[in-house]
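Below: query.txt (compact mmCIF, C-alpha atoms)
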# COMPACT_ATOMS: atom_id res chain seq x y z
CA MET F 1 42.90 127.83 -11.13
CA ARG F 2 42.48 124.56 -9.28
CA PRO F 3 44.41 123.33 -6.24
CA ALA F 4 47.11 120.79 -7.09
CA ALA F 5 45.86 117.23 -6.61
CA ARG F 6 48.89 116.47 -4.53
CA ARG F 7 51.16 118.84 -2.69
CA ARG F 8 54.79 118.46 -3.63
CA ALA F 9 56.92 117.58 -0.62
CA ALA F 10 59.05 120.47 0.57
CA GLY F 11 62.56 120.49 -0.79
CA ARG F 12 61.81 117.92 -3.51
CA VAL F 13 60.77 120.20 -6.36
CA ALA F 14 62.29 119.17 -9.67
CA SER F 15 64.87 121.65 -10.91
CA ASP F 16 63.11 121.99 -14.26
CA ALA F 17 59.64 122.54 -12.75
CA ALA F 18 57.93 125.85 -13.43
CA PRO F 19 58.04 128.14 -10.39
CA LEU F 20 54.94 128.44 -8.24
CA ILE F 21 55.36 132.23 -8.32
CA ALA F 22 57.25 134.33 -10.85
CA LEU F 23 57.79 138.08 -10.96
CA ARG F 24 59.19 139.64 -14.12
CA GLY F 25 60.11 143.30 -14.34
CA VAL F 26 57.69 144.25 -11.56
CA THR F 27 57.61 147.93 -10.70
CA LYS F 28 55.53 149.86 -8.21
CA VAL F 29 55.07 153.62 -8.19
CA TYR F 30 53.23 155.57 -5.49
CA GLY F 31 51.99 159.14 -5.84
CA GLN F 32 52.27 161.57 -8.74
CA GLY F 33 54.40 164.50 -9.78
CA ALA F 34 56.77 165.82 -7.15
CA THR F 35 55.54 163.31 -4.57
CA GLN F 36 56.04 160.29 -6.82
CA PHE F 37 58.07 157.46 -5.32
CA GLN F 38 59.17 154.28 -7.08
CA ALA F 39 59.17 151.50 -4.48
CA LEU F 40 60.05 148.71 -6.94
CA LYS F 41 62.29 149.24 -9.96
CA GLY F 42 61.97 146.02 -11.94
CA VAL F 43 61.92 143.00 -9.64
CA ASP F 44 62.60 139.55 -11.08
CA LEU F 45 61.98 136.65 -8.69
CA ASP F 46 61.10 132.96 -8.88
CA ILE F 47 59.66 131.05 -5.92
CA ALA F 48 59.50 127.26 -6.12
CA ALA F 49 56.62 125.25 -4.69
CA GLY F 50 57.54 123.92 -1.26
CA ASP F 51 60.34 126.41 -0.62
CA PHE F 52 60.86 128.32 2.63
CA VAL F 53 61.86 131.86 1.68
CA ALA F 54 63.02 134.65 3.98
CA VAL F 55 62.81 138.18 2.58
CA MET F 56 65.21 140.71 4.08
CA GLY F 57 66.30 144.28 3.50
CA PRO F 58 66.46 147.71 5.14
CA SER F 59 63.43 149.97 5.50
CA GLY F 60 62.39 151.27 2.10
CA SER F 61 64.17 148.50 0.20
CA GLY F 62 60.98 147.18 -1.40
CA LYS F 63 60.54 143.94 0.55
CA SER F 64 57.19 144.86 2.11
CA THR F 65 55.84 146.20 -1.18
CA THR F 66 56.83 142.96 -2.89
CA MET F 67 55.16 140.88 -0.19
CA ASN F 68 51.97 142.94 -0.50
CA ILE F 69 51.93 142.25 -4.23
CA LEU F 70 52.61 138.54 -3.68
CA GLY F 71 49.76 138.47 -1.16
CA CYS F 72 47.39 140.15 -3.64
CA LEU F 73 47.00 143.07 -1.24
CA ASP F 74 48.48 145.45 -3.82
CA VAL F 75 49.04 145.42 -7.58
CA PRO F 76 52.18 146.19 -9.60
CA SER F 77 52.36 149.36 -11.67
CA ALA F 78 53.99 147.35 -14.46
CA GLY F 79 55.47 143.92 -15.05
CA THR F 80 54.25 140.35 -14.80
CA PHE F 81 53.09 138.38 -11.73
CA LEU F 82 52.44 134.70 -12.39
CA PHE F 83 50.87 132.31 -9.87
CA ARG F 84 50.83 128.71 -11.14
CA GLY F 85 51.24 130.19 -14.60
CA HIS F 86 48.23 132.51 -14.33
CA HIS F 87 48.62 136.28 -14.79
CA VAL F 88 47.65 137.79 -11.45
CA GLU F 89 48.36 141.34 -12.61
CA THR F 90 45.33 141.10 -14.92
CA LEU F 91 42.87 140.09 -12.18
CA ASP F 92 40.33 142.52 -10.78
CA ARG F 93 39.79 143.13 -7.06
CA ASP F 94 37.21 140.39 -6.59
CA GLU F 95 39.35 137.85 -8.43
CA ARG F 96 42.37 138.72 -6.31
CA ALA F 97 40.25 138.34 -3.17
CA LEU F 98 39.17 134.90 -4.35
CA LEU F 99 42.80 133.91 -4.95
CA ARG F 100 43.69 135.07 -1.43
CA ARG F 101 40.88 133.05 0.16
CA ARG F 102 41.65 129.86 -1.74
CA TYR F 103 45.41 129.77 -2.01
CA LEU F 104 47.03 132.13 0.54
CA GLY F 105 47.34 132.25 4.32
CA PHE F 106 48.62 135.23 6.32
CA VAL F 107 50.45 135.55 9.65
CA PHE F 108 51.19 138.99 11.09
CA GLN F 109 53.51 140.33 13.76
CA GLY F 110 50.58 141.58 15.84
CA PHE F 111 48.63 138.26 15.76
CA ASN F 112 45.38 140.07 14.74
CA LEU F 113 43.13 137.80 16.79
CA LEU F 114 39.61 138.76 17.86
CA SER F 115 39.91 139.45 21.57
CA ARG F 116 36.47 138.31 22.73
CA THR F 117 36.37 135.00 20.88
CA THR F 118 37.99 131.66 21.67
CA ALA F 119 41.00 130.20 19.92
CA LEU F 120 38.70 127.81 18.06
CA GLU F 121 36.38 130.60 16.91
CA ASN F 122 39.36 132.64 15.70
CA VAL F 123 40.62 129.72 13.65
CA GLU F 124 37.13 129.08 12.26
CA LEU F 125 36.81 132.56 10.75
CA PRO F 126 38.23 131.83 7.26
CA LEU F 127 35.95 128.80 7.01
CA LEU F 128 32.96 130.88 8.13
CA TYR F 129 33.69 133.44 5.40
CA ARG F 130 33.98 130.57 2.93
CA GLY F 131 30.53 129.35 3.91
CA ASP F 132 31.46 125.98 5.44
CA GLU F 133 28.83 124.22 7.51
CA LYS F 134 29.26 124.65 11.28
CA ARG F 135 30.08 121.05 12.20
CA ALA F 136 32.59 120.70 9.36
CA ARG F 137 34.36 123.96 10.08
CA ARG F 138 34.65 123.16 13.80
CA ALA F 139 36.27 119.81 13.02
CA THR F 140 38.65 121.41 10.53
CA ALA F 141 39.55 124.22 12.94
CA MET F 142 40.23 121.75 15.76
CA ALA F 143 42.50 119.78 13.44
CA ALA F 144 44.43 122.98 12.67
CA LEU F 145 44.78 123.77 16.39
CA GLU F 146 46.02 120.25 16.97
CA LYS F 147 48.63 120.71 14.25
CA VAL F 148 50.06 123.72 16.12
CA GLY F 149 49.79 121.99 19.51
CA LEU F 150 46.91 124.02 20.95
CA ASP F 151 43.89 121.74 20.68
CA ARG F 152 43.61 121.59 24.49
CA TRP F 153 43.43 125.39 24.59
CA TRP F 154 40.58 125.67 22.10
CA ASP F 155 38.20 127.44 24.53
CA HIS F 156 40.69 130.09 25.71
CA THR F 157 40.50 133.72 24.58
CA PRO F 158 43.67 135.55 23.43
CA ALA F 159 43.94 137.27 26.83
CA GLU F 160 44.29 133.82 28.43
CA LEU F 161 47.14 132.80 26.10
CA SER F 162 50.81 133.72 25.99
CA GLY F 163 52.28 135.61 23.04
CA GLY F 164 53.69 132.43 21.58
CA GLN F 165 50.35 130.67 21.95
CA GLN F 166 48.54 133.57 20.31
CA GLN F 167 50.88 133.36 17.33
CA ARG F 168 50.22 129.62 17.12
CA VAL F 169 46.50 130.35 16.97
CA ALA F 170 47.20 132.88 14.21
CA ILE F 171 49.19 130.24 12.30
CA ALA F 172 46.38 127.71 12.75
CA ARG F 173 43.95 130.28 11.34
CA ALA F 174 46.30 130.85 8.38
CA ILE F 175 46.58 127.15 7.51
CA VAL F 176 43.00 126.07 8.23
CA THR F 177 42.02 126.51 4.56
CA ARG F 178 45.05 124.44 3.48
CA PRO F 179 46.67 127.24 1.46
CA ASP F 180 49.43 126.73 -1.07
CA VAL F 181 51.38 129.69 0.32
CA LEU F 182 51.81 131.04 3.85
CA LEU F 183 52.93 134.68 3.98
CA ALA F 184 54.39 135.68 7.34
CA ASP F 185 55.21 139.31 8.13
CA GLU F 186 57.74 139.47 10.99
CA PRO F 187 56.00 136.52 12.72
CA THR F 188 58.42 136.60 15.68
CA GLY F 189 58.62 140.39 16.03
CA ASN F 190 56.58 140.49 19.25
CA LEU F 191 58.09 137.39 20.86
CA ASP F 192 61.09 136.69 23.06
CA SER F 193 63.95 134.59 21.70
CA GLU F 194 62.70 131.26 23.09
CA ARG F 195 59.17 131.72 21.74
CA SER F 196 60.61 132.95 18.44
CA VAL F 197 62.53 129.72 17.96
CA GLU F 198 59.38 127.72 18.78
CA ILE F 199 57.41 129.58 16.10
CA MET F 200 60.18 129.14 13.53
CA GLU F 201 60.38 125.44 14.27
CA LEU F 202 56.60 125.21 13.82
CA LEU F 203 56.79 126.99 10.45
CA THR F 204 59.63 124.68 9.43
CA ASP F 205 57.59 121.61 10.36
CA LEU F 206 54.56 122.86 8.42
CA ASN F 207 56.77 123.55 5.41
CA ARG F 208 58.43 120.13 5.49
CA GLU F 209 55.46 117.97 6.46
CA SER F 210 52.62 119.73 4.62
CA GLY F 211 54.55 121.12 1.68
CA ILE F 212 53.27 124.65 2.32
CA THR F 213 55.41 127.28 0.62
CA VAL F 214 56.47 129.82 3.26
CA LEU F 215 57.34 133.44 2.44
CA MET F 216 58.53 135.34 5.49
CA VAL F 217 59.64 138.93 5.95
CA THR F 218 62.15 139.28 8.77
CA HIS F 219 64.94 141.61 9.83
CA GLU F 220 66.48 139.00 12.13
CA PRO F 221 69.31 136.87 10.66
CA ASP F 222 68.69 134.19 13.32
CA MET F 223 65.14 133.75 12.07
CA ALA F 224 66.15 133.90 8.40
CA ALA F 225 68.54 131.01 9.12
CA PHE F 226 65.53 128.69 9.29
CA ALA F 227 64.73 129.36 5.62
CA ARG F 228 66.22 127.53 2.65
CA THR F 229 66.24 130.63 0.44
CA VAL F 230 67.05 134.18 1.57
CA VAL F 231 66.16 137.05 -0.78
CA HIS F 232 67.87 140.35 -0.04
CA PHE F 233 66.26 143.58 -1.26
CA LYS F 234 67.98 146.93 -1.71
CA ASP F 235 66.75 150.14 -3.32
CA GLY F 236 63.68 148.55 -4.90
CA LEU F 237 65.50 145.59 -6.45
CA VAL F 238 66.56 142.06 -5.53
CA GLU F 239 70.20 142.54 -4.55
CA ARG F 240 71.10 138.87 -4.10
CA ILE F 241 69.64 135.46 -3.32
CA GLU F 242 71.25 132.93 -0.99
CA THR F 243 70.44 129.24 -0.66
CA GLN F 244 70.89 127.51 2.68
CA HIS F 245 71.25 123.77 3.16
CA ALA F 246 70.24 123.93 6.79
CA GLN F 247 69.93 126.54 9.52
CA GLY F 248 72.80 128.93 8.89
CA GLU F 249 74.64 126.60 6.47
CA LYS F 250 74.96 128.12 2.99
CA VAL F 251 75.56 125.88 -0.01
CA SER F 252 75.55 128.48 -2.78

Structure translated into structure tokens:
Amino acid sequence: MRPAARRRAAGRVASDAAPLIALRGVTKVYGQGATQFQALKGVDLDIAAGDFVAVMGPSGSGKSTTMNILGCLDVPSAGTFLFRGHHVETLDRDERALLRRRYLGFVFQGFNLLSRTTALENVELPLLYRGDEKRARRATAMAALEKVGLDRWWDHTPAELSGGQQQRVAIARAIVTRPDVLLADEPTGNLDSERSVEIMELLTDLNRESGITVLMVTHEPDMAAFARTVVHFKDGLVERIETQHAQGEKVS
């Protein structure tokens, strides 16, 4: 797989374009015998390039399992998982790791920053693992911090930053490799309402301006209102999909 030469602007994907991600009949079974549990029961889902998708559902509905599969952190028991037309379900562990490094970025509820390193050093980590030269990775990491409005805080450790600032650093780290897809797991779960809105506005700007496809798990309707597509899970299946024209305004 090769990165697209040009990123398609968010919200301008042709209706007949092939989806960036497609799941067909995806199942996931954990355990064996009496302890066996089927987390996914045949999920079908298309995700268009440049979309902003919120994934919702009660505990045990299958949303987190689906996101783990989409993030190449887990594999389906059966079914098809296509990324840019390539069969991800056939990849081995190393190939999935390579896909993650090149095409996916992750943001977590708990920030997951290294406590004794600066904001800049935290953002540099994916580039360090990729083997980028020091001067180049520092410049790229600073550009990512600037994009999230924290370039003047580059030398601060997480303990010297607010929760909202720490999440911005985490987002900068997630986008520093210019991924096609940003997967966010409850990105506002540890923030107050004002900081939550700031983070959602930042994700919206990144989606619209950079064309990054955003997949976000959330249990908060106010946060899901920032997405254009809301996927509701129930009992291991996609229950329904809603499309939103703007924050909280449904068009279909």

(message) I'd like to know which of F:Arg208, F:Arg24, F:Arg93, F:Arg173 is closest to Phe81 (chain F), using all atoms listed in the file.
(response) F:Arg24

(message) So the first atom is CA of Lys41 (chain F) and the second is CA of Thr80 (chain F); what is the distance between them in Å, to one decimal place?
(response)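 CA of Lys41 (chain F) sits 12.9 Å away from CA of Thr80 (chain F).
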
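Distances to Thr218 (chain F) were evaluated for F:Asp132, F:Asp94, F:Asp185, F:Glu242 using only C-alpha atoms, and the minimum falls at F:Asp185.
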
(message) Could you tell me how far CA of Leu99 (chain F) sits from CA of Gly62 (chain F), in Å to one decimal place?
(response) 22.8 Å

(message) Please list as a VMD selection string every residue within 6 Å of region 82-87 of chain F, counting only C-alpha atoms and excluding residues in the same chain fewer than 3 positions away.
(response) chain F and resid 20 to 22 90

(request) Can you pull out every residue within 10 Å of Glu121 (chain F), counting all atoms listed in the file, but drop anything in the same chain fewer than 5 positions away, and send it as a ChimeraX atom specification? (result) /F:113-114,116,126,128,137-138,141-142,154-157,173

(message) So that I can check the surroundings of Glu124 (chain F), please list as a ChimeraX atom specification every protein, DNA and RNA residue that reaches within 12 Å of it, counting all atoms listed in the file and ignoring chain neighbours fewer than 5 positions away.
(response) /F:113-114,117-119,129-145,154,169-170,172-177

Written selection (C-alpha atoms) as an mmCIF file, in the coordinates of the input:
data_model
loop_
_atom_site.group_PDB
_atom_site.id
_atom_site.type_symbol
_atom_site.label_atom_id
_atom_site.label_comp_id
_atom_site.auth_asym_id
_atom_site.auth_seq_id
_atom_site.Cartn_x
_atom_site.Cartn_y
_atom_site.Cartn_z
ATOM 1 C CA LEU F 113 43.130 137.800 16.790
ATOM 2 C CA LEU F 114 39.610 138.760 17.860
ATOM 3 C CA THR F 117 36.370 135.000 20.880
ATOM 4 C CA THR F 118 37.990 131.660 21.670
ATOM 5 C CA ALA F 119 41.000 130.200 19.920
ATOM 6 C CA TYR F 129 33.690 133.440 5.400
ATOM 7 C CA ARG F 130 33.980 130.570 2.930
ATOM 8 C CA GLY F 131 30.530 129.350 3.910
ATOM 9 C CA ASP F 132 31.460 125.980 5.440
ATOM 10 C CA GLU F 133 28.830 124.220 7.510
ATOM 11 C CA LYS F 134 29.260 124.650 11.280
ATOM 12 C CA ARG F 135 30.080 121.050 12.200
ATOM 13 C CA ALA F 136 32.590 120.700 9.360
ATOM 14 C CA ARG F 137 34.360 123.960 10.080
ATOM 15 C CA ARG F 138 34.650 123.160 13.800
ATOM 16 C CA ALA F 139 36.270 119.810 13.020
ATOM 17 C CA THR F 140 38.650 121.410 10.530
ATOM 18 C CA ALA F 141 39.550 124.220 12.940
ATOM 19 C CA MET F 142 40.230 121.750 15.760
ATOM 20 C CA ALA F 143 42.500 119.780 13.440
ATOM 21 C CA ALA F 144 44.430 122.980 12.670
ATOM 22 C CA LEU F 145 44.780 123.770 16.390
ATOM 23 C CA TRP F 154 40.580 125.670 22.100
ATOM 24 C CA VAL F 169 46.500 130.350 16.970
ATOM 25 C CA ALA F 170 47.200 132.880 14.210
ATOM 26 C CA ALA F 172 46.380 127.710 12.750
ATOM 27 C CA ARG F 173 43.950 130.280 11.340
ATOM 28 C CA ALA F 174 46.300 130.850 8.380
ATOM 29 C CA ILE F 175 46.580 127.150 7.510
ATOM 30 C CA VAL F 176 43.000 126.070 8.230
ATOM 31 C CA THR F 177 42.020 126.510 4.560
#

Can you build me a table of region 156-193 of chain F residues sitting at most 8 Å from region 101-112 of chain F, with the closest atom pair per residue and its distance in Å to one decimal, using only C-alpha atoms, sorted by chain and residue number, as a Markdown table?
| residue | atom | partner | partner_atom | distance |
| --- | --- | --- | --- | --- |
| F:Gln166 | CA | F:Phe111 | CA | 6.5 |
| F:Gln167 | CA | F:Phe111 | CA | 5.6 |
| F:Ala170 | CA | F:Phe111 | CA | 5.8 |
| F:Ile171 | CA | F:Val107 | CA | 6.1 |
| F:Ala174 | CA | F:Gly105 | CA | 4.4 |
| F:Ile175 | CA | F:Gly105 | CA | 6.1 |
| F:Thr177 | CA | F:Arg102 | CA | 7.1 |
| F:Arg178 | CA | F:Tyr103 | CA | 7.7 |
| F:Pro179 | CA | F:Tyr103 | CA | 4.5 |
| F:Asp180 | CA | F:Tyr103 | CA | 5.1 |
| F:Val181 | CA | F:Leu104 | CA | 5.0 |
| F:Leu182 | CA | F:Gly105 | CA | 4.7 |
| F:Leu183 | CA | F:Phe106 | CA | 4.9 |
| F:Ala184 | CA | F:Val107 | CA | 4.6 |
| F:Asp185 | CA | F:Phe108 | CA | 5.0 |
| F:Glu186 | CA | F:Gln109 | CA | 5.1 |
| F:Pro187 | CA | F:Gln109 | CA | 4.7 |
| F:Thr188 | CA | F:Gln109 | CA | 6.5 |
| F:Gly189 | CA | F:Gln109 | CA | 5.6 |
| F:Asn190 | CA | F:Gln109 | CA | 6.3 |

(request) May I ask for the distance between CA of Leu45 (chain F) and CA of Glu209 (chain F), given in Å to one decimal place? (result)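 Distance between the two atoms: 24.9 Å.
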
(request) For Glu220 (chain F), list every protein, DNA or RNA residue within 12 Å, evaluated using all atoms listed in the file, and leave out those in the same chain fewer than 5 positions away; present the list as a ChimeraX atom specification. (result) /F:54-58,185-189,193,196-197,200,225-227,230

(request) Determine, counting all atoms listed in the file, every residue of protein, DNA or RNA that lies within 12 Å of (55.2, 141.1, -3.8) in the file coordinates, then give the result as a VMD selection string. (result) chain F and resid 21 to 28 39 to 40 42 to 47 55 62 to 77 79 to 83 88 to 89 183 215 to 217 233 236 to 238

If you take every atom of region 119-131 of chain F that the file lists and fit an axis-aligned box around them with 4 Å extra on each side, what centre and edge lengths come out in Å to one decimal, as lines of an AutoDock Vina configuration file?
center_x = 35.8
center_y = 130.6
center_z = 11.4
size_x = 18.5
size_y = 13.6
size_z = 25.0
